[in-house]
Amino acid sequence: MNKNSLIHKRRTTIVGIGGLTSEVGKTTLLCKLLEAFPGWEAIKTTRGHYRSCGKDPHSCCVSDLLSDESTIISGRELTYAVGKDTGRYWDAGAANVHWVIATDEQVEAGVNEALDRVGAPGVFIEGNSFTEYVEPDFYVMVADSKMPTMKRTARRAISHASAVYVSNGSTADDIETVGELLRGTDLPNGVEFFCAEQFAVLVSRIRARVLNSLAALDNRPTVKSILESPNNRGLTISK
């Protein structure tokens with residue numbers, strides 16, 4: 001697919017949060033970012049299949065929610081549940097939450113429909129698969145040095161990475177372990193690695209990319225009004 005076709009038609013800033021494998025801290029990082037970017041929305045993507053996944057159906061399997069088209073659920077009333085990822089988004093301050101449930105073939109349409117519902121200046125999307133269809137402005141790949149594996153969707157998404165976030169440690173050895181795992185992948189040259197203690201630096205990198213993306217629109221009055229708005233502190237450069 002041509003890269004230009006991946007750019008969503010709306011000028012909503014898209015920041016993706018992916019993971020090398022499951023349970024590496026994607027949701028935890030996304031929630032911290034929601035706190036740093038007040039007024040932003042969040043999208044959760046769940047790929048399902050028309051059979052049991054082998055896990056507890058009450059906590060995992062979404063086969064009952066699948067249909068001929070992707071399912072998109074939005075709003076607090078429908079997406080808030082204590083302890084669930086979407087509930088955690090709300091607790092972290094999301095302006096709205098959208099949950100996309102789709103088969104592999106439905107992800108593209110589902111993510112684009114969810115993006116059409118976003119009214120905020122920015123949105124965080126959790127997942128790997130959406131990067132095949134929508135080009136994020138900034139994409140963070142989350143890793144755990146104690147889980148040195150990589151799932152198939154992460155191998156495909158790694159080429160979009162703007163940063164790698166090592167969630168479980170703060171030592172050079174932790175970062176080196178993840179770096180070794182990523183050798184030979186399509187990770188772009190020069191991508192920065194961050195540990196949990198460098199979260200503030202990661203936020204500053206995202207803010208800088210947001211400003212660059214807005215400036216690229218050559219619409220300076222709009223950019224100026226966003227930056228000066230007290231309701232969009234997440235777009236303000238740290239001093």
# chains A, B, ... in the order shown; residues from 1 in each chain; ligands from 1

$ residues_around --residues "Thr171 of chain A" --least-positions-apart "2" --cutoff "12 Å" --atoms "only C-alpha atoms" --output "list of chain:residue names"
A:Ser145, A:Val166, A:Ser167, A:Asn168, A:Gly169, A:Asp173, A:Asp174, A:Ile175, A:Glu176, A:Thr177, A:Val178, A:Phe193, A:Phe194, A:Cys195, A:Ala196, A:Glu197, A:Gln198

$ closest_atom_pairs --of "segment 141-179 of chain A" --to "segment 23-42 of chain A" --cutoff "8 Å" --atoms "only C-alpha atoms" --output "CSV"
residue,atom,partner,partner_atom,distance
A:Val142,CA,A:Lys26,CA,6.1
A:Ala143,CA,A:Val24,CA,5.8
A:Asp144,CA,A:Val24,CA,5.5
A:Met147,CA,A:Val24,CA,7.9
A:Ser167,CA,A:Gly25,CA,6.3

$ write_last_selection --atoms "N, CA and C atoms" --output "mmCIF file, in the first residue's frame"
data_model
loop_
_atom_site.group_PDB
_atom_site.id
_atom_site.type_symbol
_atom_site.label_atom_id
_atom_site.label_comp_id
_atom_site.auth_asym_id
_atom_site.auth_seq_id
_atom_site.Cartn_x
_atom_site.Cartn_y
_atom_site.Cartn_z
ATOM 1 N N VAL A 142 6.574 -0.438 22.909
ATOM 2 C CA VAL A 142 6.855 -0.736 24.309
ATOM 3 C C VAL A 142 7.463 -2.126 24.423
ATOM 4 N N ALA A 143 8.514 -2.237 25.237
ATOM 5 C CA ALA A 143 9.219 -3.509 25.403
ATOM 6 C C ALA A 143 9.489 -3.762 26.882
ATOM 7 N N ASP A 144 9.704 -5.025 27.207
ATOM 8 C CA ASP A 144 10.073 -5.456 28.556
ATOM 9 C C ASP A 144 11.318 -6.321 28.408
ATOM 10 N N MET A 147 11.055 -9.996 28.917
ATOM 11 C CA MET A 147 10.210 -10.756 27.989
ATOM 12 C C MET A 147 10.795 -10.602 26.598
ATOM 13 N N SER A 167 9.741 -0.622 29.551
ATOM 14 C CA SER A 167 8.804 -0.327 30.634
ATOM 15 C C SER A 167 9.243 -0.814 32.008
#

$ select_by_dssp --residues "segment 55-163 of chain A" --states "alpha helix (DSSP H)" --output "number ranges by chain"
A: 76-79, 85-91, 107-117, 152-157

$ atom_distance --atom1 "atom CA of Thr86 of chain A" --atom2 "atom CA of Asn112 of chain A"
18.4 Å

$ closest_residue --among "A:Arg76, A:Lys151, A:Arg183, A:Arg156" --to "Leu20 of chain A" --atoms "only C-alpha atoms"
A:Lys151

$ residues_around --residues "Glu113 of chain A" --least-positions-apart "5" --cutoff "10 Å" --atoms "only C-alpha atoms" --output "PyMOL selection string"
chain A and resi 70-72+98+100+107-108+118

$ atom_distance --atom1 "atom CA of Ile206 of chain A" --atom2 "atom CA of Gly190 of chain A"
15.6 Å

$ select_by_dssp --residues "segment 37-222 of chain A" --states "strand (DSSP E)" --output "VMD selection string"
chain A and resid 41 to 47 71 to 74 97 to 102 122 to 126 138 to 143 163 to 166 192 to 195

$ write_last_selection --atoms "C-alpha atoms" --output "PDB file, in the first residue's frame"
ATOM      1  CA  GLU A  41      -8.983  10.825  23.187  1.00  0.00           C
ATOM      2  CA  ALA A  42      -8.017   7.148  23.043  1.00  0.00           C
ATOM      3  CA  ILE A  43      -8.716   4.212  20.746  1.00  0.00           C
ATOM      4  CA  LYS A  44      -8.357   0.574  21.758  1.00  0.00           C
ATOM      5  CA  THR A  45      -8.063  -1.968  18.952  1.00  0.00           C
ATOM      6  CA  THR A  46      -8.914  -5.617  19.539  1.00  0.00           C
ATOM      7  CA  ARG A  47      -8.500  -8.188  16.803  1.00  0.00           C
ATOM      8  CA  THR A  71     -17.687  -2.940  15.677  1.00  0.00           C
ATOM      9  CA  ILE A  72     -16.860   0.484  17.121  1.00  0.00           C
ATOM     10  CA  ILE A  73     -18.102   1.378  20.597  1.00  0.00           C
ATOM     11  CA  SER A  74     -17.667   4.947  21.844  1.00  0.00           C
ATOM     12  CA  VAL A  97     -12.754   6.438  24.329  1.00  0.00           C
ATOM     13  CA  HIS A  98     -13.424   4.328  21.237  1.00  0.00           C
ATOM     14  CA  TRP A  99     -13.127   0.539  21.178  1.00  0.00           C
ATOM     15  CA  VAL A 100     -12.591  -1.128  17.795  1.00  0.00           C
ATOM     16  CA  ILE A 101     -13.391  -4.857  17.630  1.00  0.00           C
ATOM     17  CA  ALA A 102     -12.517  -6.337  14.260  1.00  0.00           C
ATOM     18  CA  GLY A 122      -5.055  14.391  19.308  1.00  0.00           C
ATOM     19  CA  VAL A 123      -5.699  10.711  19.920  1.00  0.00           C
ATOM     20  CA  PHE A 124      -3.704   7.787  21.291  1.00  0.00           C
ATOM     21  CA  ILE A 125      -4.216   4.410  19.604  1.00  0.00           C
ATOM     22  CA  GLU A 126      -3.173   1.225  21.380  1.00  0.00           C
ATOM     23  CA  PHE A 138       4.502   9.323  16.444  1.00  0.00           C
ATOM     24  CA  TYR A 139       4.679   5.647  17.344  1.00  0.00           C
ATOM     25  CA  VAL A 140       6.067   4.210  20.581  1.00  0.00           C
ATOM     26  CA  MET A 141       6.985   0.530  20.731  1.00  0.00           C
ATOM     27  CA  VAL A 142       6.855  -0.736  24.309  1.00  0.00           C
ATOM     28  CA  ALA A 143       9.219  -3.509  25.403  1.00  0.00           C
ATOM     29  CA  ALA A 163      10.747   5.606  19.961  1.00  0.00           C
ATOM     30  CA  VAL A 164      11.210   2.425  21.999  1.00  0.00           C
ATOM     31  CA  TYR A 165      10.058   2.523  25.633  1.00  0.00           C
ATOM     32  CA  VAL A 166      11.524  -0.061  28.022  1.00  0.00           C
ATOM     33  CA  GLU A 192      15.692   6.738  20.669  1.00  0.00           C
ATOM     34  CA  PHE A 193      15.297   4.302  23.557  1.00  0.00           C
ATOM     35  CA  PHE A 194      13.646   5.479  26.765  1.00  0.00           C
ATOM     36  CA  CYS A 195      13.262   3.881  30.183  1.00  0.00           C
TER      37      CYS A 195
END

$ residues_around --residues "Leu187 of chain A" --least-positions-apart "4" --cutoff "9 Å" --atoms "only C-alpha atoms" --output "PyMOL selection string"
chain A and resi 155+157-162+182-183+191

$ write_last_selection --atoms "C-alpha atoms" --output "compact mmCIF listing (two decimals), in the first residue's frame"
# COMPACT_ATOMS: atom_id res chain seq x y z
CA ARG A 155 7.62 -7.22 13.57
CA ALA A 157 4.83 -2.42 13.00
CA ILE A 158 8.41 -1.84 14.13
CA SER A 159 9.25 0.08 10.94
CA HIS A 160 6.89 2.85 12.11
CA ALA A 161 8.58 3.27 15.50
CA SER A 162 9.57 6.78 16.53
CA LEU A 182 15.59 -5.58 17.76
CA ARG A 183 18.78 -6.06 15.79
CA VAL A 191 15.29 5.70 17.02

$ atom_distance --atom1 "atom CA of Ala154 of chain A" --atom2 "atom CA of Asn189 of chain A"
16.9 Å

$ closest_residue --among "A:Gly119, A:Leu202, A:Gly18, A:Phe130" --to "Met150 of chain A" --atoms "only C-alpha atoms"
A:Gly18

$ closest_residue --among "A:Ile14, A:Ala208, A:Val201, A:Leu181" --to "Ala120 of chain A" --atoms "only C-alpha atoms"
A:Ile14
